[in-house]
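Reproduced below: upload.cif, with mmCIF, C-alpha atoms.
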data_structure
loop_
_atom_site.group_PDB
_atom_site.id
_atom_site.type_symbol
_atom_site.label_atom_id
_atom_site.label_comp_id
_atom_site.auth_asym_id
_atom_site.auth_seq_id
_atom_site.Cartn_x
_atom_site.Cartn_y
_atom_site.Cartn_z
ATOM 1 C CA MET A 108 5.614 1.619 0.140
ATOM 2 C CA PRO A 109 3.129 4.225 1.374
ATOM 3 C CA TYR A 110 1.368 6.130 -1.382
ATOM 4 C CA THR A 111 2.332 9.800 -1.483
ATOM 5 C CA THR A 112 1.496 12.328 -4.149
ATOM 6 C CA THR A 113 2.821 15.614 -2.856
ATOM 7 C CA ALA A 114 5.727 16.903 -0.863
ATOM 8 C CA ARG A 115 3.687 19.749 0.584
ATOM 9 C CA ARG A 116 2.539 19.680 4.175
ATOM 10 C CA PRO A 117 -1.259 19.413 4.335
ATOM 11 C CA ARG A 118 -3.101 22.507 5.491
ATOM 12 C CA TRP A 119 -3.959 22.043 9.166
ATOM 13 C CA TRP A 120 -7.284 23.840 8.960
ATOM 14 C CA ALA A 121 -8.395 21.788 5.968
ATOM 15 C CA GLU A 122 -7.441 18.560 7.735
ATOM 16 C CA LEU A 123 -9.244 19.610 10.897
ATOM 17 C CA LEU A 124 -12.373 20.426 8.922
ATOM 18 C CA LEU A 125 -12.211 17.150 7.000
ATOM 19 C CA ILE A 126 -11.792 15.052 10.148
ATOM 20 C CA ALA A 127 -14.613 16.923 11.870
ATOM 21 C CA VAL A 128 -16.970 16.374 8.927
ATOM 22 C CA VAL A 129 -16.147 12.664 8.620
ATOM 23 C CA TYR A 130 -16.412 12.043 12.356
ATOM 24 C CA GLY A 131 -19.674 14.009 12.529
ATOM 25 C CA ALA A 132 -21.114 11.979 9.664
ATOM 26 C CA TYR A 133 -19.908 8.785 11.314
ATOM 27 C CA SER A 134 -21.470 9.696 14.668
ATOM 28 C CA ALA A 135 -24.769 10.707 13.071
ATOM 29 C CA GLY A 136 -24.826 7.574 10.919
ATOM 30 C CA ARG A 137 -24.072 5.452 13.964
ATOM 31 C CA LEU A 138 -27.148 6.849 15.705
ATOM 32 C CA LEU A 139 -29.331 6.463 12.619
ATOM 33 C CA ALA A 140 -28.149 2.871 12.203
ATOM 34 C CA ARG A 141 -29.981 1.689 15.300
ATOM 35 C CA GLY A 142 -31.593 -1.569 14.391
ATOM 36 C CA ASP A 143 -34.369 -3.548 15.992
ATOM 37 C CA VAL A 144 -33.439 -4.572 19.546
ATOM 38 C CA SER A 145 -34.605 -8.141 19.060
ATOM 39 C CA THR A 146 -32.465 -8.438 15.935
ATOM 40 C CA ALA A 147 -29.466 -7.062 17.821
ATOM 41 C CA VAL A 148 -29.993 -9.555 20.653
ATOM 42 C CA ASP A 149 -30.337 -12.434 18.210
ATOM 43 C CA ASN A 150 -27.104 -11.419 16.493
ATOM 44 C CA GLY A 151 -25.286 -11.154 19.809
ATOM 45 C CA LEU A 152 -26.461 -14.602 20.910
ATOM 46 C CA ALA A 153 -25.486 -16.073 17.547
ATOM 47 C CA ILE A 154 -21.970 -14.715 17.956
ATOM 48 C CA LEU A 155 -21.749 -16.045 21.496
ATOM 49 C CA ARG A 156 -22.884 -19.513 20.401
ATOM 50 C CA ALA A 157 -20.364 -19.541 17.560
ATOM 51 C CA GLU A 158 -17.569 -18.582 19.926
ATOM 52 C CA LYS A 159 -18.473 -21.277 22.410
ATOM 53 C CA ALA A 160 -18.576 -23.852 19.655
ATOM 54 C CA LEU A 161 -15.078 -22.754 18.571
ATOM 55 C CA PHE A 162 -13.803 -22.322 22.169
ATOM 56 C CA LEU A 163 -13.195 -18.634 21.527
ATOM 57 C CA ASP A 164 -15.409 -17.085 24.217
ATOM 58 C CA ALA A 165 -12.531 -15.369 26.037
ATOM 59 C CA GLU A 166 -14.843 -12.553 27.123
ATOM 60 C CA THR A 167 -16.544 -14.790 29.706
ATOM 61 C CA PRO A 168 -13.502 -15.446 31.990
ATOM 62 C CA LEU A 169 -12.137 -11.942 31.382
ATOM 63 C CA ASN A 170 -15.396 -10.315 32.431
ATOM 64 C CA ARG A 171 -15.476 -12.428 35.565
ATOM 65 C CA LEU A 172 -11.924 -11.305 36.409
ATOM 66 C CA PHE A 173 -12.716 -7.623 35.839
ATOM 67 C CA THR A 174 -15.902 -7.890 37.876
ATOM 68 C CA ASP A 175 -14.306 -9.595 40.867
ATOM 69 C CA THR A 176 -11.128 -7.468 40.902
ATOM 70 C CA PRO A 177 -11.717 -3.694 41.106
ATOM 71 C CA ALA A 178 -7.968 -3.062 40.802
ATOM 72 C CA ILE A 179 -8.257 -4.392 37.257
ATOM 73 C CA GLY A 180 -11.831 -3.476 36.418
ATOM 74 C CA VAL A 181 -11.661 0.236 37.299
ATOM 75 C CA PRO A 182 -8.511 1.032 35.272
ATOM 76 C CA ALA A 183 -9.934 -1.034 32.411
ATOM 77 C CA ASP A 184 -13.077 1.108 32.414
ATOM 78 C CA PHE A 185 -10.956 4.270 32.273
ATOM 79 C CA VAL A 186 -9.001 2.812 29.353
ATOM 80 C CA TYR A 187 -12.199 1.947 27.506
ATOM 81 C CA ALA A 188 -13.866 5.303 28.166
ATOM 82 C CA SER A 189 -10.940 7.588 27.311
ATOM 83 C CA LEU A 190 -7.968 6.273 25.332
ATOM 84 C CA HIS A 191 -10.069 5.555 22.259
ATOM 85 C CA TYR A 192 -10.748 9.288 21.950
ATOM 86 C CA LEU A 193 -7.325 10.550 23.048
ATOM 87 C CA VAL A 194 -4.625 8.335 21.560
ATOM 88 C CA THR A 195 -5.953 8.295 17.998
ATOM 89 C CA PRO A 196 -6.134 12.108 17.597
ATOM 90 C CA LEU A 197 -2.725 12.486 19.250
ATOM 91 C CA ILE A 198 -1.135 10.122 16.743
ATOM 92 C CA LEU A 199 -2.836 11.952 13.883
ATOM 93 C CA VAL A 200 -1.339 15.223 15.114
ATOM 94 C CA TRP A 201 2.063 13.568 15.596
ATOM 95 C CA LEU A 202 2.027 12.266 12.031
ATOM 96 C CA PHE A 203 0.885 15.632 10.694
ATOM 97 C CA ARG A 204 3.780 17.413 12.380
ATOM 98 C CA ARG A 205 6.578 14.846 12.203
ATOM 99 C CA ARG A 206 5.721 12.684 9.168
ATOM 100 C CA PRO A 207 3.797 14.972 6.797
ATOM 101 C CA LEU A 208 4.572 12.852 3.727
ATOM 102 C CA ARG A 209 2.997 9.815 5.400
ATOM 103 C CA TYR A 210 0.095 11.639 7.011
ATOM 104 C CA ARG A 211 -2.304 11.627 4.084
ATOM 105 C CA ALA A 212 -2.130 7.877 3.521
ATOM 106 C CA ALA A 213 -2.554 7.206 7.258
ATOM 107 C CA ARG A 214 -5.519 9.548 7.561
ATOM 108 C CA THR A 215 -7.208 8.091 4.496
ATOM 109 C CA TRP A 216 -6.766 4.567 5.831
ATOM 110 C CA LEU A 217 -8.308 5.498 9.186
ATOM 111 C CA MET A 218 -11.270 7.311 7.667
ATOM 112 C CA LEU A 219 -12.135 4.615 5.134
ATOM 113 C CA SER A 220 -11.991 1.927 7.817
ATOM 114 C CA THR A 221 -14.234 3.999 10.084
ATOM 115 C CA LEU A 222 -16.824 4.377 7.335
ATOM 116 C CA LEU A 223 -16.660 0.639 6.657
ATOM 117 C CA GLY A 224 -17.333 0.094 10.350
ATOM 118 C CA LEU A 225 -20.464 2.205 9.998
ATOM 119 C CA VAL A 226 -21.636 -0.167 7.265
ATOM 120 C CA GLY A 227 -21.161 -3.043 9.692
ATOM 121 C CA PHE A 228 -23.189 -1.280 12.394
ATOM 122 C CA THR A 229 -26.000 -0.804 9.887
ATOM 123 C CA LEU A 230 -26.043 -4.317 8.464
ATOM 124 C CA VAL A 231 -25.330 -6.229 11.661
ATOM 125 C CA PRO A 232 -26.728 -4.484 14.757
ATOM 126 C CA THR A 233 -25.320 -6.481 17.663
ATOM 127 C CA CYS A 234 -26.163 -6.563 21.330
ATOM 128 C CA PRO A 235 -22.914 -6.457 23.355
ATOM 129 C CA PRO A 236 -22.401 -9.055 26.112
ATOM 130 C CA ARG A 237 -23.145 -6.540 28.882
ATOM 131 C CA LEU A 238 -26.695 -6.004 27.588
ATOM 132 C CA LEU A 239 -27.590 -9.693 27.331
ATOM 133 C CA ASP A 240 -29.816 -11.281 29.919
ATOM 134 C CA ALA A 241 -28.013 -11.835 33.236
ATOM 135 C CA THR A 242 -28.443 -15.591 32.813
ATOM 136 C CA HIS A 243 -25.593 -15.500 30.292
ATOM 137 C CA GLY A 244 -23.222 -14.521 33.086
ATOM 138 C CA PHE A 245 -21.995 -11.078 31.950
ATOM 139 C CA VAL A 246 -21.726 -8.009 34.178
ATOM 140 C CA ASP A 247 -21.573 -4.456 32.869
ATOM 141 C CA THR A 248 -18.388 -3.235 34.540
ATOM 142 C CA MET A 249 -18.986 0.306 33.279
ATOM 143 C CA ALA A 250 -22.199 0.390 35.307
ATOM 144 C CA GLN A 251 -20.636 -1.470 38.255
ATOM 145 C CA TYR A 252 -17.773 1.030 38.582
ATOM 146 C CA SER A 253 -19.554 4.137 37.289
ATOM 147 C CA SER A 254 -19.064 5.923 40.622
ATOM 148 C CA TYR A 255 -15.327 6.004 39.903
ATOM 149 C CA GLY A 256 -15.615 7.851 36.609
ATOM 150 C CA TRP A 257 -17.687 10.206 34.485
ATOM 151 C CA TRP A 258 -19.555 7.512 32.600
ATOM 152 C CA GLY A 259 -22.930 6.071 33.479
ATOM 153 C CA GLY A 260 -24.560 2.757 32.843
ATOM 154 C CA GLU A 261 -24.929 3.336 29.094
ATOM 155 C CA ALA A 262 -21.669 2.516 27.322
ATOM 156 C CA SER A 263 -18.795 4.991 27.688
ATOM 157 C CA ALA A 264 -20.870 8.122 27.194
ATOM 158 C CA PRO A 265 -20.760 10.753 29.949
ATOM 159 C CA ARG A 266 -23.339 10.212 32.672
ATOM 160 C CA GLY A 267 -26.790 11.275 31.487
ATOM 161 C CA MET A 268 -25.841 11.287 27.791
ATOM 162 C CA GLY A 269 -26.303 7.629 27.027
ATOM 163 C CA GLY A 270 -29.133 8.447 24.651
ATOM 164 C CA LEU A 271 -26.606 10.055 22.291
ATOM 165 C CA THR A 272 -24.871 6.771 21.526
ATOM 166 C CA ASN A 273 -25.904 3.574 19.787
ATOM 167 C CA GLN A 274 -25.302 0.783 22.265
ATOM 168 C CA TYR A 275 -25.920 -1.881 19.620
ATOM 169 C CA ALA A 276 -23.055 -0.736 17.390
ATOM 170 C CA ALA A 277 -20.729 -3.508 18.537
ATOM 171 C CA MET A 278 -19.834 -5.315 15.309
ATOM 172 C CA PRO A 279 -17.086 -4.535 14.339
ATOM 173 C CA SER A 280 -15.139 -3.188 17.312
ATOM 174 C CA LEU A 281 -13.605 0.108 16.223
ATOM 175 C CA HIS A 282 -11.972 0.369 19.637
ATOM 176 C CA VAL A 283 -9.807 -2.522 18.482
ATOM 177 C CA GLY A 284 -9.609 -1.253 14.900
ATOM 178 C CA TRP A 285 -8.423 2.222 15.849
ATOM 179 C CA ALA A 286 -5.978 0.766 18.391
ATOM 180 C CA LEU A 287 -4.519 -1.432 15.661
ATOM 181 C CA TRP A 288 -4.113 1.602 13.400
ATOM 182 C CA CYS A 289 -2.331 3.442 16.217
ATOM 183 C CA GLY A 290 -0.047 0.459 16.772
ATOM 184 C CA VAL A 291 0.884 0.239 13.096
ATOM 185 C CA MET A 292 1.651 3.966 12.961
ATOM 186 C CA LEU A 293 3.834 3.801 16.068
ATOM 187 C CA TRP A 294 5.666 0.734 14.813
ATOM 188 C CA ARG A 295 6.195 2.077 11.299
ATOM 189 C CA HIS A 296 7.175 5.634 12.157
ATOM 190 C CA GLY A 297 8.440 5.416 15.729
ATOM 191 C CA ARG A 298 12.173 5.527 16.312
ATOM 192 C CA THR A 299 12.574 4.414 19.925
ATOM 193 C CA PRO A 300 12.145 1.076 21.718
ATOM 194 C CA LEU A 301 9.446 2.635 23.912
ATOM 195 C CA LEU A 302 7.292 3.543 20.913
ATOM 196 C CA ARG A 303 7.783 0.089 19.439
ATOM 197 C CA THR A 304 6.701 -1.466 22.752
ATOM 198 C CA LEU A 305 3.601 0.732 22.896
ATOM 199 C CA ALA A 306 2.856 -0.161 19.283
ATOM 200 C CA VAL A 307 2.421 -3.798 20.310
ATOM 201 C CA ALA A 308 0.958 -3.290 23.784
ATOM 202 C CA TYR A 309 -1.782 -0.791 22.978
ATOM 203 C CA PRO A 310 -3.815 -2.952 20.539
ATOM 204 C CA LEU A 311 -3.425 -6.033 22.769
ATOM 205 C CA VAL A 312 -4.499 -4.194 25.919
ATOM 206 C CA THR A 313 -7.453 -2.638 24.098
ATOM 207 C CA THR A 314 -8.606 -6.059 22.907
ATOM 208 C CA LEU A 315 -8.509 -7.450 26.441
ATOM 209 C CA VAL A 316 -10.301 -4.381 27.807
ATOM 210 C CA VAL A 317 -13.215 -4.433 25.346
ATOM 211 C CA MET A 318 -13.858 -8.088 26.168
ATOM 212 C CA GLY A 319 -13.278 -7.862 29.923
ATOM 213 C CA THR A 320 -15.669 -4.925 30.270
ATOM 214 C CA ALA A 321 -18.277 -6.954 28.324
ATOM 215 C CA ASN A 322 -18.542 -4.327 25.603
ATOM 216 C CA HIS A 323 -17.487 -6.619 22.757
ATOM 217 C CA TYR A 324 -17.167 -10.251 21.794
ATOM 218 C CA PHE A 325 -13.907 -11.694 20.605
ATOM 219 C CA LEU A 326 -15.327 -11.920 17.070
ATOM 220 C CA ASP A 327 -16.130 -8.205 17.235
ATOM 221 C CA ALA A 328 -12.411 -7.626 17.730
ATOM 222 C CA VAL A 329 -11.614 -9.905 14.798
ATOM 223 C CA ALA A 330 -14.068 -7.950 12.653
ATOM 224 C CA GLY A 331 -12.393 -4.708 13.721
ATOM 225 C CA VAL A 332 -9.056 -6.039 12.452
ATOM 226 C CA ALA A 333 -10.701 -7.140 9.190
ATOM 227 C CA VAL A 334 -12.235 -3.693 8.660
ATOM 228 C CA MET A 335 -8.851 -2.050 9.128
ATOM 229 C CA GLY A 336 -7.351 -4.473 6.625
ATOM 230 C CA ALA A 337 -10.011 -3.589 4.063
ATOM 231 C CA GLY A 338 -9.434 0.110 4.677
ATOM 232 C CA ALA A 339 -5.696 -0.333 4.122
ATOM 233 C CA LEU A 340 -6.345 -2.010 0.763
ATOM 234 C CA LEU A 341 -8.716 0.742 -0.359
ATOM 235 C CA ALA A 342 -6.621 3.694 0.781
ATOM 236 C CA ARG A 343 -4.286 3.825 -2.221
ATOM 237 C CA PRO A 344 -7.036 3.570 -4.895
ATOM 238 C CA ALA A 345 -9.040 6.184 -2.997
ATOM 239 C CA MET A 346 -6.120 8.632 -3.022
ATOM 240 C CA ARG A 347 -5.513 8.035 -6.716
ATOM 241 C CA LEU A 348 -9.156 8.777 -7.434
ATOM 242 C CA ALA A 349 -8.991 11.934 -5.320
ATOM 243 C CA ASP A 350 -5.879 13.060 -7.190
ATOM 244 C CA ARG A 351 -7.572 12.563 -10.559
ATOM 245 C CA VAL A 352 -10.595 14.546 -9.428
ATOM 246 C CA ARG A 353 -8.397 17.312 -8.044
ATOM 247 C CA ALA A 354 -6.409 17.483 -11.270
ATOM 248 C CA ARG A 355 -9.580 18.134 -13.246
ATOM 249 C CA VAL A 356 -10.757 20.934 -11.000
ATOM 250 C CA PRO A 357 -9.102 24.277 -11.840
ATOM 251 C CA ASN A 358 -7.251 25.774 -8.925
ATOM 252 C CA ARG A 359 -7.489 29.538 -8.953
ATOM 253 C CA PHE A 360 -4.948 29.854 -6.171
ATOM 254 C CA SER A 361 -2.288 27.497 -7.509
ATOM 255 C CA GLY A 362 -0.033 30.392 -8.497
ATOM 256 C CA ARG A 363 0.762 28.962 -11.935
ATOM 257 C CA ALA A 364 1.662 31.465 -14.654
ATOM 258 C CA ALA A 365 -0.892 32.071 -17.367
ATOM 259 C CA GLU A 366 -0.326 30.537 -20.772
ATOM 260 C CA PRO A 367 1.445 32.869 -23.230
ATOM 261 C CA ALA A 368 -0.576 34.641 -25.868
ATOM 262 C CA ALA A 369 -1.181 32.785 -29.089
ATOM 263 C CA GLY A 370 1.020 35.083 -31.137
ATOM 264 C CA SER A 371 4.046 34.912 -28.876
ATOM 265 C CA ALA A 372 3.602 31.168 -28.412
ATOM 266 C CA ALA A 373 3.640 30.687 -32.153
ATOM 267 C CA GLY A 374 6.775 32.732 -32.396
ATOM 268 C CA ALA A 375 8.454 30.690 -29.687
ATOM 269 C CA VAL A 376 7.599 27.396 -31.351
ATOM 270 C CA THR A 377 8.507 28.363 -34.921
ATOM 271 C CA GLY A 378 11.623 30.274 -33.923
ATOM 272 C CA ALA A 379 10.388 33.542 -35.464
ATOM 273 C CA ALA A 380 11.360 36.478 -33.284
ATOM 274 C CA PRO A 381 9.258 39.640 -33.016
ATOM 275 C CA ALA A 382 10.473 42.651 -34.873
ATOM 276 C CA GLY A 383 13.419 44.278 -33.127
ATOM 277 C CA ALA A 384 14.148 41.226 -31.028
ATOM 278 C CA GLY A 385 17.712 41.144 -32.269
ATOM 279 C CA SER A 386 19.846 38.473 -30.626
ATOM 280 C CA ALA A 387 16.821 37.009 -28.835
ATOM 281 C CA ALA A 388 15.915 35.306 -32.084
ATOM 282 C CA GLY A 389 18.906 33.059 -31.757
ATOM 283 C CA THR A 390 17.738 32.007 -28.336
ATOM 284 C CA VAL A 391 14.206 31.115 -29.304
ATOM 285 C CA SER A 392 15.123 29.152 -32.406
ATOM 286 C CA GLY A 393 15.291 25.455 -31.834
ATOM 287 C CA GLY A 394 13.770 25.435 -28.337
ATOM 288 C CA LYS A 395 11.418 27.041 -25.849
ATOM 289 C CA SER A 396 11.674 30.771 -25.581
ATOM 290 C CA PRO A 397 12.991 32.135 -22.300
ATOM 291 C CA ILE A 398 11.122 35.364 -22.980
ATOM 292 C CA VAL A 399 8.203 35.518 -20.529
ATOM 293 C CA GLY A 400 7.183 39.115 -20.887
ATOM 294 C CA ALA A 401 7.787 42.167 -23.005
ATOM 295 C CA GLY A 402 11.363 43.251 -22.556
ATOM 296 C CA CYS A 403 12.270 40.638 -19.920
ATOM 297 C CA GLN A 404 13.899 37.262 -20.210
ATOM 298 C CA THR A 405 14.954 34.477 -17.851
ATOM 299 C CA SER A 406 17.900 32.194 -17.606
ATOM 300 C CA THR A 407 17.462 28.422 -17.875
ATOM 301 C CA GLY A 408 15.624 27.028 -14.871
ATOM 302 C CA GLU A 409 14.312 30.380 -13.585
ATOM 303 C CA ARG A 410 10.618 30.849 -12.856
ATOM 304 C CA ILE A 411 10.475 34.585 -12.121
ATOM 305 C CA PRO A 412 11.971 36.852 -14.804
ATOM 306 C CA GLY A 413 14.800 39.108 -13.745
ATOM 307 C CA GLN A 414 15.055 42.673 -14.862
ATOM 308 C CA ARG A 415 17.351 41.853 -17.755
ATOM 309 C CA THR A 416 16.033 43.496 -20.886
ATOM 310 C CA THR A 417 16.212 42.014 -24.322
ATOM 311 C CA SER A 418 17.213 43.933 -27.422
ATOM 312 C CA ALA A 419 13.584 45.039 -27.605
ATOM 313 C CA GLY A 420 14.185 47.106 -24.467
ATOM 314 C CA PRO A 421 13.637 50.810 -23.830
ATOM 315 C CA THR A 422 14.317 53.282 -26.639
ATOM 316 C CA PRO A 423 17.750 54.913 -26.294
ATOM 317 C CA SER A 424 17.926 58.529 -25.307
ATOM 318 C CA ALA A 425 18.107 61.213 -27.967
ATOM 319 C CA GLY A 426 21.746 61.899 -27.239
ATOM 320 C CA ALA A 427 22.895 58.380 -27.812
ATOM 321 C CA ASP A 428 25.343 57.642 -30.618
ATOM 322 C CA ASP A 429 23.267 56.157 -33.441
ATOM 323 C CA SER A 430 26.329 54.387 -34.781
ATOM 324 C CA THR A 431 26.600 52.192 -31.674
ATOM 325 C CA PRO A 432 25.559 48.631 -32.484
ATOM 326 C CA ALA A 433 22.197 47.582 -31.040
ATOM 327 C CA ALA A 434 23.732 44.814 -28.947
ATOM 328 C CA ALA A 435 26.034 47.299 -27.170
ATOM 329 C CA ARG A 436 23.357 49.725 -26.161
#

Output the file's structure as structure tokens, nothing else.
Amino acid sequence: MPYTTTARRPRWWAELLLIAVVYGAYSAGRLLARGDVSTAVDNGLAILRAEKALFLDAETPLNRLFTDTPAIGVPADFVYASLHYLVTPLILVWLFRRRPLRYRAARTWLMLSTLLGLVGFTLVPTCPPRLLDATHGFVDTMAQYSSYGWWGGEASAPRGMGGLTNQYAAMPSLHVGWALWCGVMLWRHGRTPLLRTLAVAYPLVTTLVVMGTANHYFLDAVAGVAVMGAGALLARPAMRLADRVRARVPNRFSGRAAEPAAGSAAGAVTGAAPAGAGSAAGTVSGGKSPIVGAGCQTSTGERIPGQRTTSAGPTPSAGADDSTPAAAR
């Protein structure tokens, strides 16, 4: 069962700020994580050799197909350059609006997995297939078909902005990881056959696209799935930790009533009523006092006191009959 701790809808501005901060930190860390080019090339070749030994190098025939068939290669480049940045935010917004009780767990899972991916980029800088020497047989379809779109020859960044991205951040593939997250959200919370179909198709298509465009190896995709799995396992403990921290931080705007004064609290606990309380003493004895303020009391279950005065209410007018019992006044 998904972990939920509150029935309140998250504040949209707080969520927007949080996502912006995490994504900004991720993007900056991705740039700072640029490793040595020779190390990245060595890692890429090691992955390629391992795949060939295991007969898993599906990126080689797929890249050849995308290169030789523009009707496949061009749409694939559009998918790679755009859907990664469109579908994921749209599903976040959809969850926020339609499944608010599930939103927090989903957002936490996505963010933790993204940060884990950053660790992978730092520890294992990897040269993607498209940047290997041409003798390995890969063609950069993004560069080949760049005249059809806004991207240039440097990853999926807009033309002329390739220097703002780390082209050796290939292991793990967060294109595949984020697509898997989107698929799980659509499958778990979608209600129509179309959404269920998209839940399966989107991660599969993304996996084929990242390999066919020579942006990732098959093992990069596997690592992307593994990162999402680790993020899913860590999401619940992370939310519990956040809840404990939040509980220890006083919230000035929580709207909770202040604690009663020491004297009145003692009277409520011991059952001793203040002087002139009259019948209220019977109410406070043996339980919590419903009296929340001078001269006002509440019924069981009420939070805001009504204007029902106790026997310690206003002083009767001078013309009142002094022989009238206090309870009848």

Original post:
For Tyr275 of chain A, which of A:Leu155, A:Leu315, A:Cys234, A:Cys289 is the closest residue, counting all atoms listed in the file?
Top reply: A:Cys234

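Put simply, the PyMOL selection byres ((chain A and resi 215-217) around 9) in this file takes in Tyr210, Arg211, Ala212, Ala213, Arg214, Met218, Leu219, Ser220, Thr221, Leu222, Gly284, Trp285, Trp288, Met335, Ala337, Gly338, Ala339, Leu340, Leu341, Ala342, Arg343, Ala345 and Met346 of chain A.
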
Subject >> A:Ala178, A:Val194, A:Leu161, A:Pro344 ranked by distance to Ala306 of chain A, top pick (using only C-alpha atoms) >> reply: A:Val194

Original post:
For Val329 of chain A, which of A:Ala308, A:Leu193, A:Leu348, A:Leu163 is the closest residue, counting all atoms listed in the file?
Top reply: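 Ranking A:Ala308, A:Leu193, A:Leu348, A:Leu163 by distance to Val329 of chain A, first place goes to A:Leu163.
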
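Here the PyMOL selection byres ((chain A and resi 203) around 10) captures the residues Arg116, Pro117, Arg118, Trp119, Glu122, Leu197, Ile198, Leu199, Val200, Trp201, Leu202, Arg204, Arg205, Arg206, Pro207, Leu208, Arg209, Tyr210, Arg211, Ala213 and Arg214 of chain A.
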
Subject >> Residues in the PyMOL selection byres ((chain A and resi 283) around 7), expressed as a ChimeraX atom specification >> reply: /A:280-282,284-287,310,313-314,328,331

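Picture a line from atom CA of Phe228 of chain A to atom CA of Ala276 of chain A; it runs 5.0 Å.
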
Original post:
Between atom CA of Arg237 of chain A and atom CA of Tyr130 of chain A, what is the distance, to one decimal in Å?
Top reply: 25.8 Å

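The space between atom CA of Thr320 of chain A and atom CA of Arg156 of chain A spans 19.0 Å.
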
Original post:
Which one of A:Asn322, A:Thr195, A:Asn170, A:Thr146 sits closest to Leu230 of chain A if you count all atoms listed in the file?
Top reply: A:Thr146

**OP:** Show which residues sit within 10 Å of Tyr252 of chain A, as an NGL selection string. Count only C-alpha atoms, and ignore same-chain residues fewer than 3 positions away.
**Re:** :A and (174 or 177 or 180-182 or 184-185 or 247-249 or 255-256 or 258-260)

Written file, previous selection with C-alpha atoms, as an mmCIF file, in the coordinates of the input:
data_model
loop_
_atom_site.group_PDB
_atom_site.id
_atom_site.type_symbol
_atom_site.label_atom_id
_atom_site.label_comp_id
_atom_site.auth_asym_id
_atom_site.auth_seq_id
_atom_site.Cartn_x
_atom_site.Cartn_y
_atom_site.Cartn_z
ATOM 1 C CA THR A 174 -15.902 -7.890 37.876
ATOM 2 C CA PRO A 177 -11.717 -3.694 41.106
ATOM 3 C CA GLY A 180 -11.831 -3.476 36.418
ATOM 4 C CA VAL A 181 -11.661 0.236 37.299
ATOM 5 C CA PRO A 182 -8.511 1.032 35.272
ATOM 6 C CA ASP A 184 -13.077 1.108 32.414
ATOM 7 C CA PHE A 185 -10.956 4.270 32.273
ATOM 8 C CA ASP A 247 -21.573 -4.456 32.869
ATOM 9 C CA THR A 248 -18.388 -3.235 34.540
ATOM 10 C CA MET A 249 -18.986 0.306 33.279
ATOM 11 C CA TYR A 255 -15.327 6.004 39.903
ATOM 12 C CA GLY A 256 -15.615 7.851 36.609
ATOM 13 C CA TRP A 258 -19.555 7.512 32.600
ATOM 14 C CA GLY A 259 -22.930 6.071 33.479
ATOM 15 C CA GLY A 260 -24.560 2.757 32.843
#

Original post:
In terms of the shortest atom-to-atom distance over all atoms listed in the file, which of A:Leu239, A:Ala321, A:Val334, A:Met292 is closest to Tyr187 of chain A?
Top reply: A:Ala321

Subject >> Ref. answer, residues at most 12 Å from (-13.1, -14.9, 35.3) with only C-alpha atoms, as a PyMOL selection string >> reply: chain A and resi 164-176+179-180+244-246+318-321

**OP:** Tell me which protein, DNA and RNA residues are within 8 Å of Leu326 of chain A, counting only C-alpha atoms, leaving out same-chain ones fewer than 3 positions away, and put them as a list in words.
**Re:**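 In the requested form, the answer reads Ile154, Glu158, Val329 and Ala330 of chain A.
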
Subject >> Selected residue, from A:Leu190, A:Gly131, A:Gly151, A:Trp257, that lies nearest to Val312 of chain A when counting all atoms listed in the file >> reply: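 Checking each candidate against Val312 of chain A, we get A:Leu190 as the closest.
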